[in-house]
Amino acid sequence: MMLWIRNIKMRLARIERLAKEAKKKVLDVLKKGGIKGDPEKFLNTYLQFFVIDPVRDEPTNLMRRLEHLLDIRQKRMKLGLKQVLPDLGEFTRNNLEIMIEAARALDLIYRIVRHYLMLGQKTNNWILIMQLELEMPQIVKLAETYYKALDAFKSGKPVGDGIGALAAATLMNSGGSAIKKEIVEDTIMGVTERKGRKLYVIKAKGPGGTVGKPGEAVKKVVEELKGKVSRIIMIDAALKLEGEKTGEVIEGVGAAIGDPGPEKFKIESIAMKYSIPLDSIIIKESLEEAITPMRKEISNAAEKVIEKIDKALEERTKEGDIVVIVGVGNTVGIAQ
Amino acid sequence: MQISELYTLLLLMLLLFLITSLIRVFIERKKLKREQFQTLTLIKCSKCGYTEEREFQTGDYILKPEKECPKCKAQTRIFKIYDVKVPRK
Ligand SMILES: [Zn+2]
């Protein structure tokens with residue numbers, strides 16, 4: 001048991017180092033942006049910021065309550081950042097928001113591992129220590145992944161999760177000059193024509209790091225068109241199983257989006273209300289590949305996705321139809 | 001006398017084996033960890049299809065307008081940004 005404890009402590013020290021360096025990187029960006037007031041104090045407020053889960057036993061309006069809470073959280077963080085860093089651009093601020101999120105995840109991992117180690121030592125619970133020792137390599141890998149993600153967002157490089165947004169951006173600009181507008185906060189819609197069909201393409205507003213509100217945008221577009229949409233096609237990155245090929249493109253039905261619930265719920269509801277078929281195309285990648293700079297295999301998937309969309313348009317829609325296409329994912333480093 | 005010498009020989013051999021296997025494990029571990037990536041930016045001209053690859057620079061983003069195309073003088077844009085594995089020497 002002594003050996004296990006020593007081993008865990010060694011790895012915990014590595015996680016602590018990563019967490020500290022992550023904080024330092026965020027602080028650097030805060031200072032460079034010309035922060036008003038004490039940057040450390042500011043960061044600490046958001047490092048342990050929490051959201052209390054809404055009651056789930058009484059499901060009335062659960063999705064709306066959850067959305068409300070998530071909205072408040074995001075607005076508060078955005079406002080906080082805007083107050084101390086008024087001169088920083090919107091996109092840099094969005095990236096900073098995600099950097100803080102990554103630093104928060106690292107800090108949380110560190111505190112949880114430390115908790116179990118100390119608890120195991122205090123109560124002499126060797127099963128707890130053994131479990132921790134066995135899971136340590138995976139935990140360290142997760143911490144390293146978050147650390148790498150921080151770098152990607154610091155330099156504004158596209159990440160693997162952005163493949164949906166990349167496919168949407170490519171599609172938006174494929175058919176001549178598309179009309180683009182910000183339909184809901186942080187979300188862009190572009191209208192373009194392809195194979196004689198009218199496409200309404202939705203993605204988050206880049207090149208800052210944000211996922212936007214694709215659900216709200218789809219709802220608005222479909223309502224504005226009074227439900228005259230013949231198909232909704234969603235594109236998103238999905239977690240692959242270990243051993244599966246990265247960048248593989250596969251098709252299915254349903255709302256392909258990995259949000260906590262509200263956005264997915266909106267898309268499902270609107271599709272049901274007007275009985276619009278809901279297709280989805282997913283690109284397989286691991287968690288590490290999703291939050292670190294986009295690999296070439298993944299970026300190559302954008303063309304494959306468009307091929308699949310063309311096929312879907314030809315096979316499942318008629319000429320003159322209106323189709324809504326949603327590119328889900330973080331759009332860091334990808335404009336429109 | 002002879003038996004004790006045999007013992008020292010055995011012990012030495014065992015020690016040697018242990019040390020070599022330890023070194024081997026360390027080398028293999030280092031090999032595993034040294035997986036490095038490089039971020040590249042691909043610039044493309046949508047008119048003639050001219051492409052150019054260069055290293056990523058801070059401030060780059062996909063669809064960012066770049067210098068004019070050396071072939072047809074149209075405006076090029078950043079087409080893709082991706083990570084590629086750097087081959088180990
Ligand atoms: Zn050209």
# chains A, B, ... in the order shown; residues from 1 in each chain; ligands from 1

$ residues_around --residues "region 59-71 of chain B" --least-positions-apart "4" --cutoff "8 Å" --atoms "only C-alpha atoms" --output "NGL selection string"
(:A and (155-158 or 207 or 333-336)) or (:B and (41 or 43 or 45 or 48 or 50 or 75-81))

$ write_last_selection --atoms "C-alpha atoms" --output "short mmCIF file (atom, residue, chain, number, x, y, z; two decimals), in the first residue's frame"
data_model
loop_
_atom_site.label_atom_id
_atom_site.label_comp_id
_atom_site.auth_asym_id
_atom_site.auth_seq_id
_atom_site.Cartn_x
_atom_site.Cartn_y
_atom_site.Cartn_z
CA SER A 155 -3.73 30.22 -30.27
CA GLY A 156 -7.21 29.98 -31.82
CA LYS A 157 -6.59 26.76 -33.75
CA PRO A 158 -9.63 24.77 -34.93
CA PRO A 207 -13.72 32.36 -35.44
CA GLY A 333 -10.61 29.10 -35.68
CA ILE A 334 -13.38 28.72 -38.26
CA ALA A 335 -15.12 31.75 -39.76
CA GLN A 336 -18.11 31.60 -42.08
CA THR B 41 -2.35 26.12 -42.73
CA ILE B 43 -4.33 28.29 -48.48
CA CYS B 45 -7.60 29.86 -54.50
CA CYS B 48 -8.08 28.13 -60.17
CA TYR B 50 -4.02 26.75 -56.53
CA GLN B 75 -7.97 36.56 -53.64
CA THR B 76 -7.03 33.37 -51.80
CA ARG B 77 -8.44 32.24 -48.48
CA ILE B 78 -7.32 29.89 -45.75
CA PHE B 79 -9.02 26.65 -46.65
CA LYS B 80 -8.00 24.41 -43.79
CA ILE B 81 -5.93 24.28 -40.62
#

$ select_by_dssp --residues "chain B" --states "alpha helix (DSSP H)" --output "JSON, numbers by chain"
{"B": [2, 3, 4, 5, 6, 7, 8, 9, 10, 11, 12, 13, 14, 15, 16, 17, 18, 19, 20, 21, 22, 23, 24, 25, 26, 27, 28, 29, 30, 31, 32, 33]}

$ atom_distance --atom1 "CA of His68 (chain A)" --atom2 "CA of Ala217 (chain A)"
16.5 Å

$ interface_residues --of "chain A" --to "chain B" --cutoff "10 Å" --atoms "only C-alpha atoms" --output "PyMOL selection string"
chain A and resi 154-160+166+169-170+173-174+206-208+292-300+331-336

$ select_by_dssp --residues "region 116-279 of chain A" --states "strand (DSSP E)" --output "ChimeraX atom specification"
/A:179-184,187-194,197-204,231-239,249-253,278-279

$ write_last_selection --atoms "N, CA, C and O atoms" --output "short mmCIF file (atom, residue, chain, number, x, y, z; two decimals), in the first residue's frame"
data_model
loop_
_atom_site.label_atom_id
_atom_site.label_comp_id
_atom_site.auth_asym_id
_atom_site.auth_seq_id
_atom_site.Cartn_x
_atom_site.Cartn_y
_atom_site.Cartn_z
N ILE A 179 -26.22 34.64 -48.46
CA ILE A 179 -26.62 35.72 -47.56
C ILE A 179 -26.42 35.16 -46.14
O ILE A 179 -26.95 34.10 -45.81
N LYS A 180 -25.64 35.89 -45.33
CA LYS A 180 -25.38 35.40 -43.98
C LYS A 180 -25.85 36.41 -42.95
O LYS A 180 -25.64 37.61 -43.12
N LYS A 181 -26.47 35.93 -41.90
CA LYS A 181 -26.84 36.84 -40.82
C LYS A 181 -26.81 36.11 -39.48
O LYS A 181 -26.91 34.88 -39.44
N GLU A 182 -26.68 36.90 -38.40
CA GLU A 182 -26.67 36.32 -37.07
C GLU A 182 -28.12 36.15 -36.66
O GLU A 182 -28.81 37.11 -36.33
N ILE A 183 -28.58 34.92 -36.70
CA ILE A 183 -30.01 34.67 -36.49
C ILE A 183 -30.37 34.66 -35.01
O ILE A 183 -31.39 35.23 -34.61
N VAL A 184 -29.55 34.01 -34.18
CA VAL A 184 -29.68 34.14 -32.73
C VAL A 184 -28.27 34.39 -32.20
O VAL A 184 -27.29 34.28 -32.94
N THR A 187 -24.86 32.69 -33.28
CA THR A 187 -25.17 31.66 -34.29
C THR A 187 -25.47 32.31 -35.63
O THR A 187 -26.24 33.27 -35.71
N ILE A 188 -24.84 31.77 -36.69
CA ILE A 188 -24.96 32.35 -38.03
C ILE A 188 -25.80 31.44 -38.92
O ILE A 188 -25.71 30.22 -38.84
N MET A 189 -26.65 32.07 -39.76
CA MET A 189 -27.35 31.28 -40.76
C MET A 189 -27.01 31.82 -42.14
O MET A 189 -27.04 33.03 -42.36
N GLY A 190 -26.68 30.94 -43.06
CA GLY A 190 -26.39 31.34 -44.43
C GLY A 190 -27.37 30.65 -45.37
O GLY A 190 -27.64 29.46 -45.21
N VAL A 191 -27.91 31.41 -46.34
CA VAL A 191 -28.84 30.81 -47.31
C VAL A 191 -28.09 30.64 -48.62
O VAL A 191 -27.48 31.57 -49.12
N THR A 192 -28.11 29.42 -49.15
CA THR A 192 -27.41 29.17 -50.39
C THR A 192 -28.18 28.14 -51.22
O THR A 192 -29.13 27.54 -50.72
N GLU A 193 -27.77 27.99 -52.46
CA GLU A 193 -28.47 27.05 -53.32
C GLU A 193 -27.53 25.93 -53.72
O GLU A 193 -26.34 26.14 -53.94
N ARG A 194 -28.04 24.71 -53.80
CA ARG A 194 -27.22 23.58 -54.18
C ARG A 194 -28.11 22.53 -54.82
O ARG A 194 -29.12 22.14 -54.25
N ARG A 197 -31.81 22.90 -54.78
CA ARG A 197 -32.51 22.99 -53.49
C ARG A 197 -32.02 24.23 -52.76
O ARG A 197 -30.86 24.62 -52.88
N LYS A 198 -32.91 24.80 -51.96
CA LYS A 198 -32.51 25.95 -51.17
C LYS A 198 -32.04 25.47 -49.80
O LYS A 198 -32.77 24.76 -49.11
N LEU A 199 -30.79 25.81 -49.44
CA LEU A 199 -30.26 25.34 -48.17
C LEU A 199 -30.17 26.48 -47.16
O LEU A 199 -29.68 27.56 -47.47
N TYR A 200 -30.64 26.22 -45.96
CA TYR A 200 -30.46 27.14 -44.84
C TYR A 200 -29.41 26.49 -43.95
O TYR A 200 -29.69 25.52 -43.28
N VAL A 201 -28.19 27.03 -43.99
CA VAL A 201 -27.08 26.40 -43.26
C VAL A 201 -26.83 27.17 -41.96
O VAL A 201 -26.70 28.39 -41.96
N ILE A 202 -26.76 26.42 -40.85
CA ILE A 202 -26.58 27.04 -39.53
C ILE A 202 -25.28 26.57 -38.90
O ILE A 202 -24.94 25.39 -38.95
N LYS A 203 -24.53 27.50 -38.33
CA LYS A 203 -23.34 27.16 -37.54
C LYS A 203 -23.08 28.23 -36.50
O LYS A 203 -23.65 29.32 -36.59
N ALA A 204 -22.22 27.92 -35.53
CA ALA A 204 -21.88 28.91 -34.52
C ALA A 204 -21.04 30.02 -35.16
O ALA A 204 -20.40 29.81 -36.18
N ARG A 231 -36.52 18.68 -44.96
CA ARG A 231 -35.58 17.84 -44.24
C ARG A 231 -34.65 18.68 -43.37
O ARG A 231 -34.30 19.80 -43.75
N ILE A 232 -34.27 18.11 -42.22
CA ILE A 232 -33.23 18.76 -41.42
C ILE A 232 -32.06 17.78 -41.38
O ILE A 232 -32.26 16.59 -41.11
N ILE A 233 -30.87 18.26 -41.71
CA ILE A 233 -29.70 17.39 -41.66
C ILE A 233 -28.71 17.98 -40.66
O ILE A 233 -28.35 19.15 -40.75
N MET A 234 -28.29 17.17 -39.68
CA MET A 234 -27.34 17.65 -38.68
C MET A 234 -25.98 16.99 -38.87
O MET A 234 -25.90 15.82 -39.20
N ILE A 235 -24.93 17.76 -38.63
CA ILE A 235 -23.57 17.25 -38.75
C ILE A 235 -22.86 17.48 -37.42
O ILE A 235 -22.86 18.60 -36.91
N ASP A 236 -22.27 16.45 -36.85
CA ASP A 236 -21.56 16.64 -35.58
C ASP A 236 -20.45 15.61 -35.43
O ASP A 236 -20.46 14.57 -36.08
N ALA A 237 -19.50 15.94 -34.57
CA ALA A 237 -18.47 14.97 -34.22
C ALA A 237 -19.03 14.06 -33.14
O ALA A 237 -19.82 14.50 -32.32
N ALA A 238 -18.66 12.77 -33.16
CA ALA A 238 -19.15 11.87 -32.12
C ALA A 238 -17.99 11.04 -31.59
O ALA A 238 -17.00 10.81 -32.30
N LEU A 239 -18.10 10.63 -30.35
CA LEU A 239 -17.02 9.85 -29.74
C LEU A 239 -16.91 8.49 -30.41
O LEU A 239 -17.90 7.80 -30.60
N VAL A 249 -16.97 8.75 -41.50
CA VAL A 249 -18.23 9.48 -41.59
C VAL A 249 -19.37 8.48 -41.69
O VAL A 249 -19.37 7.64 -42.59
N ILE A 250 -20.34 8.54 -40.77
CA ILE A 250 -21.47 7.62 -40.85
C ILE A 250 -22.79 8.37 -40.70
O ILE A 250 -22.84 9.48 -40.21
N GLU A 251 -23.86 7.70 -41.15
CA GLU A 251 -25.17 8.36 -41.17
C GLU A 251 -26.15 7.69 -40.22
O GLU A 251 -26.00 6.52 -39.89
N GLY A 252 -27.16 8.45 -39.83
CA GLY A 252 -28.22 7.91 -38.98
C GLY A 252 -29.38 8.88 -38.92
O GLY A 252 -29.43 9.82 -39.69
N VAL A 253 -30.29 8.64 -38.00
CA VAL A 253 -31.38 9.59 -37.82
C VAL A 253 -31.37 10.11 -36.38
O VAL A 253 -30.76 9.51 -35.50
N LEU A 278 -35.61 14.00 -39.68
CA LEU A 278 -34.37 14.50 -39.06
C LEU A 278 -33.24 13.51 -39.33
O LEU A 278 -33.24 12.40 -38.81
N ASP A 279 -32.30 13.90 -40.18
CA ASP A 279 -31.15 13.04 -40.50
C ASP A 279 -29.93 13.53 -39.75
O ASP A 279 -29.85 14.70 -39.41
#

$ decode --residues "region 4-50 of chain B" --atoms "N, CA and C atoms" --output "PDB file, in the first residue's frame"
ATOM      1  N   SER B   4      30.705 -20.226  -3.677  1.00  0.00           N
ATOM      2  CA  SER B   4      30.442 -18.795  -3.443  1.00  0.00           C
ATOM      3  C   SER B   4      30.757 -17.976  -4.693  1.00  0.00           C
ATOM      4  N   GLU B   5      31.784 -18.404  -5.412  1.00  0.00           N
ATOM      5  CA  GLU B   5      32.102 -17.707  -6.669  1.00  0.00           C
ATOM      6  C   GLU B   5      30.962 -17.849  -7.680  1.00  0.00           C
ATOM      7  N   LEU B   6      30.419 -19.043  -7.724  1.00  0.00           N
ATOM      8  CA  LEU B   6      29.284 -19.310  -8.619  1.00  0.00           C
ATOM      9  C   LEU B   6      28.114 -18.400  -8.259  1.00  0.00           C
ATOM     10  N   TYR B   7      27.942 -18.263  -6.953  1.00  0.00           N
ATOM     11  CA  TYR B   7      26.845 -17.411  -6.474  1.00  0.00           C
ATOM     12  C   TYR B   7      27.032 -15.967  -6.915  1.00  0.00           C
ATOM     13  N   THR B   8      28.240 -15.456  -6.746  1.00  0.00           N
ATOM     14  CA  THR B   8      28.490 -14.061  -7.157  1.00  0.00           C
ATOM     15  C   THR B   8      28.262 -13.911  -8.651  1.00  0.00           C
ATOM     16  N   LEU B   9      28.679 -14.899  -9.413  1.00  0.00           N
ATOM     17  CA  LEU B   9      28.499 -14.846 -10.859  1.00  0.00           C
ATOM     18  C   LEU B   9      27.007 -14.779 -11.199  1.00  0.00           C
ATOM     19  N   LEU B  10      26.260 -15.652 -10.542  1.00  0.00           N
ATOM     20  CA  LEU B  10      24.805 -15.682 -10.764  1.00  0.00           C
ATOM     21  C   LEU B  10      24.168 -14.336 -10.419  1.00  0.00           C
ATOM     22  N   LEU B  11      24.600 -13.829  -9.281  1.00  0.00           N
ATOM     23  CA  LEU B  11      24.058 -12.558  -8.807  1.00  0.00           C
ATOM     24  C   LEU B  11      24.362 -11.431  -9.781  1.00  0.00           C
ATOM     25  N   LEU B  12      25.597 -11.451 -10.274  1.00  0.00           N
ATOM     26  CA  LEU B  12      26.004 -10.431 -11.240  1.00  0.00           C
ATOM     27  C   LEU B  12      25.167 -10.500 -12.506  1.00  0.00           C
ATOM     28  N   MET B  13      24.958 -11.743 -12.965  1.00  0.00           N
ATOM     29  CA  MET B  13      24.167 -11.934 -14.173  1.00  0.00           C
ATOM     30  C   MET B  13      22.738 -11.423 -13.975  1.00  0.00           C
ATOM     31  N   LEU B  14      22.209 -11.765 -12.821  1.00  0.00           N
ATOM     32  CA  LEU B  14      20.843 -11.328 -12.517  1.00  0.00           C
ATOM     33  C   LEU B  14      20.748  -9.799 -12.511  1.00  0.00           C
ATOM     34  N   LEU B  15      21.754  -9.165 -11.902  1.00  0.00           N
ATOM     35  CA  LEU B  15      21.796  -7.710 -11.822  1.00  0.00           C
ATOM     36  C   LEU B  15      21.863  -7.099 -13.214  1.00  0.00           C
ATOM     37  N   LEU B  16      22.718  -7.688 -14.044  1.00  0.00           N
ATOM     38  CA  LEU B  16      22.892  -7.195 -15.411  1.00  0.00           C
ATOM     39  C   LEU B  16      21.570  -7.281 -16.172  1.00  0.00           C
ATOM     40  N   PHE B  17      20.914  -8.415 -16.019  1.00  0.00           N
ATOM     41  CA  PHE B  17      19.633  -8.621 -16.696  1.00  0.00           C
ATOM     42  C   PHE B  17      18.606  -7.579 -16.251  1.00  0.00           C
ATOM     43  N   LEU B  18      18.561  -7.363 -14.944  1.00  0.00           N
ATOM     44  CA  LEU B  18      17.614  -6.389 -14.388  1.00  0.00           C
ATOM     45  C   LEU B  18      17.851  -5.000 -14.962  1.00  0.00           C
ATOM     46  N   ILE B  19      19.145  -4.619 -14.979  1.00  0.00           N
ATOM     47  CA  ILE B  19      19.479  -3.269 -15.452  1.00  0.00           C
ATOM     48  C   ILE B  19      19.102  -3.103 -16.925  1.00  0.00           C
ATOM     49  N   THR B  20      19.436  -4.106 -17.729  1.00  0.00           N
ATOM     50  CA  THR B  20      19.127  -3.978 -19.164  1.00  0.00           C
ATOM     51  C   THR B  20      17.624  -3.916 -19.407  1.00  0.00           C
ATOM     52  N   SER B  21      16.882  -4.735 -18.699  1.00  0.00           N
ATOM     53  CA  SER B  21      15.428  -4.705 -18.932  1.00  0.00           C
ATOM     54  C   SER B  21      14.825  -3.382 -18.479  1.00  0.00           C
ATOM     55  N   LEU B  22      15.389  -2.824 -17.413  1.00  0.00           N
ATOM     56  CA  LEU B  22      14.912  -1.522 -16.937  1.00  0.00           C
ATOM     57  C   LEU B  22      15.162  -0.441 -17.978  1.00  0.00           C
ATOM     58  N   ILE B  23      16.364  -0.460 -18.541  1.00  0.00           N
ATOM     59  CA  ILE B  23      16.713   0.533 -19.565  1.00  0.00           C
ATOM     60  C   ILE B  23      15.792   0.393 -20.768  1.00  0.00           C
ATOM     61  N   ARG B  24      15.527  -0.879 -21.134  1.00  0.00           N
ATOM     62  CA  ARG B  24      14.668  -1.113 -22.284  1.00  0.00           C
ATOM     63  C   ARG B  24      13.259  -0.534 -22.067  1.00  0.00           C
ATOM     64  N   VAL B  25      12.743  -0.778 -20.873  1.00  0.00           N
ATOM     65  CA  VAL B  25      11.409  -0.244 -20.553  1.00  0.00           C
ATOM     66  C   VAL B  25      11.386   1.271 -20.664  1.00  0.00           C
ATOM     67  N   PHE B  26      12.417   1.920 -20.145  1.00  0.00           N
ATOM     68  CA  PHE B  26      12.490   3.383 -20.190  1.00  0.00           C
ATOM     69  C   PHE B  26      12.529   3.903 -21.616  1.00  0.00           C
ATOM     70  N   ILE B  27      13.340   3.240 -22.443  1.00  0.00           N
ATOM     71  CA  ILE B  27      13.466   3.672 -23.844  1.00  0.00           C
ATOM     72  C   ILE B  27      12.128   3.540 -24.554  1.00  0.00           C
ATOM     73  N   GLU B  28      11.448   2.424 -24.311  1.00  0.00           N
ATOM     74  CA  GLU B  28      10.163   2.211 -24.963  1.00  0.00           C
ATOM     75  C   GLU B  28       9.134   3.253 -24.539  1.00  0.00           C
ATOM     76  N   ARG B  29       9.180   3.584 -23.249  1.00  0.00           N
ATOM     77  CA  ARG B  29       8.256   4.595 -22.747  1.00  0.00           C
ATOM     78  C   ARG B  29       8.492   5.924 -23.421  1.00  0.00           C
ATOM     79  N   LYS B  30       9.742   6.300 -23.567  1.00  0.00           N
ATOM     80  CA  LYS B  30      10.075   7.581 -24.194  1.00  0.00           C
ATOM     81  C   LYS B  30       9.594   7.598 -25.640  1.00  0.00           C
ATOM     82  N   LYS B  31       9.754   6.472 -26.309  1.00  0.00           N
ATOM     83  CA  LYS B  31       9.323   6.375 -27.700  1.00  0.00           C
ATOM     84  C   LYS B  31       7.820   6.639 -27.798  1.00  0.00           C
ATOM     85  N   LEU B  32       7.075   6.072 -26.848  1.00  0.00           N
ATOM     86  CA  LEU B  32       5.623   6.228 -26.859  1.00  0.00           C
ATOM     87  C   LEU B  32       5.218   7.684 -26.649  1.00  0.00           C
ATOM     88  N   LYS B  33       5.928   8.345 -25.747  1.00  0.00           N
ATOM     89  CA  LYS B  33       5.539   9.709 -25.396  1.00  0.00           C
ATOM     90  C   LYS B  33       5.923  10.721 -26.453  1.00  0.00           C
ATOM     91  N   ARG B  34       6.925  10.430 -27.237  1.00  0.00           N
ATOM     92  CA  ARG B  34       7.426  11.409 -28.205  1.00  0.00           C
ATOM     93  C   ARG B  34       6.579  11.460 -29.467  1.00  0.00           C
ATOM     94  N   GLU B  35       5.277  11.635 -29.336  1.00  0.00           N
ATOM     95  CA  GLU B  35       4.445  11.770 -30.514  1.00  0.00           C
ATOM     96  C   GLU B  35       4.157  13.248 -30.685  1.00  0.00           C
ATOM     97  N   GLN B  36       4.806  13.864 -31.685  1.00  0.00           N
ATOM     98  CA  GLN B  36       4.683  15.300 -31.813  1.00  0.00           C
ATOM     99  C   GLN B  36       3.846  15.682 -33.024  1.00  0.00           C
ATOM    100  N   PHE B  37       3.156  16.807 -32.880  1.00  0.00           N
ATOM    101  CA  PHE B  37       2.313  17.283 -33.967  1.00  0.00           C
ATOM    102  C   PHE B  37       2.749  18.678 -34.409  1.00  0.00           C
ATOM    103  N   GLN B  38       2.442  18.989 -35.642  1.00  0.00           N
ATOM    104  CA  GLN B  38       2.746  20.306 -36.174  1.00  0.00           C
ATOM    105  C   GLN B  38       1.468  20.823 -36.835  1.00  0.00           C
ATOM    106  N   THR B  39       1.139  22.095 -36.590  1.00  0.00           N
ATOM    107  CA  THR B  39      -0.078  22.645 -37.187  1.00  0.00           C
ATOM    108  C   THR B  39       0.253  23.340 -38.500  1.00  0.00           C
ATOM    109  N   LEU B  40      -0.484  22.978 -39.556  1.00  0.00           N
ATOM    110  CA  LEU B  40      -0.259  23.556 -40.867  1.00  0.00           C
ATOM    111  C   LEU B  40      -1.493  24.320 -41.340  1.00  0.00           C
ATOM    112  N   THR B  41      -1.262  25.334 -42.152  1.00  0.00           N
ATOM    113  CA  THR B  41      -2.347  26.124 -42.726  1.00  0.00           C
ATOM    114  C   THR B  41      -2.343  25.901 -44.235  1.00  0.00           C
ATOM    115  N   LEU B  42      -3.498  25.562 -44.776  1.00  0.00           N
ATOM    116  CA  LEU B  42      -3.607  25.316 -46.219  1.00  0.00           C
ATOM    117  C   LEU B  42      -4.366  26.479 -46.856  1.00  0.00           C
ATOM    118  N   ILE B  43      -3.710  27.160 -47.792  1.00  0.00           N
ATOM    119  CA  ILE B  43      -4.333  28.291 -48.477  1.00  0.00           C
ATOM    120  C   ILE B  43      -4.769  27.836 -49.863  1.00  0.00           C
ATOM    121  N   LYS B  44      -5.977  28.235 -50.265  1.00  0.00           N
ATOM    122  CA  LYS B  44      -6.474  27.764 -51.550  1.00  0.00           C
ATOM    123  C   LYS B  44      -7.119  28.910 -52.333  1.00  0.00           C
ATOM    124  N   CYS B  45      -6.928  28.896 -53.625  1.00  0.00           N
ATOM    125  CA  CYS B  45      -7.599  29.858 -54.500  1.00  0.00           C
ATOM    126  C   CYS B  45      -8.837  29.163 -55.044  1.00  0.00           C
ATOM    127  N   SER B  46      -9.997  29.759 -54.796  1.00  0.00           N
ATOM    128  CA  SER B  46     -11.233  29.069 -55.212  1.00  0.00           C
ATOM    129  C   SER B  46     -11.445  29.175 -56.717  1.00  0.00           C
ATOM    130  N   LYS B  47     -10.715  30.075 -57.386  1.00  0.00           N
ATOM    131  CA  LYS B  47     -10.898  30.262 -58.823  1.00  0.00           C
ATOM    132  C   LYS B  47     -10.169  29.183 -59.625  1.00  0.00           C
ATOM    133  N   CYS B  48      -8.859  29.048 -59.354  1.00  0.00           N
ATOM    134  CA  CYS B  48      -8.078  28.131 -60.174  1.00  0.00           C
ATOM    135  C   CYS B  48      -7.633  26.884 -59.417  1.00  0.00           C
ATOM    136  N   GLY B  49      -7.909  26.843 -58.122  1.00  0.00           N
ATOM    137  CA  GLY B  49      -7.563  25.644 -57.373  1.00  0.00           C
ATOM    138  C   GLY B  49      -6.132  25.590 -56.886  1.00  0.00           C
ATOM    139  N   TYR B  50      -5.409  26.695 -57.016  1.00  0.00           N
ATOM    140  CA  TYR B  50      -4.024  26.750 -56.533  1.00  0.00           C
ATOM    141  C   TYR B  50      -3.997  26.576 -55.011  1.00  0.00           C
TER     142      TYR B  50
END
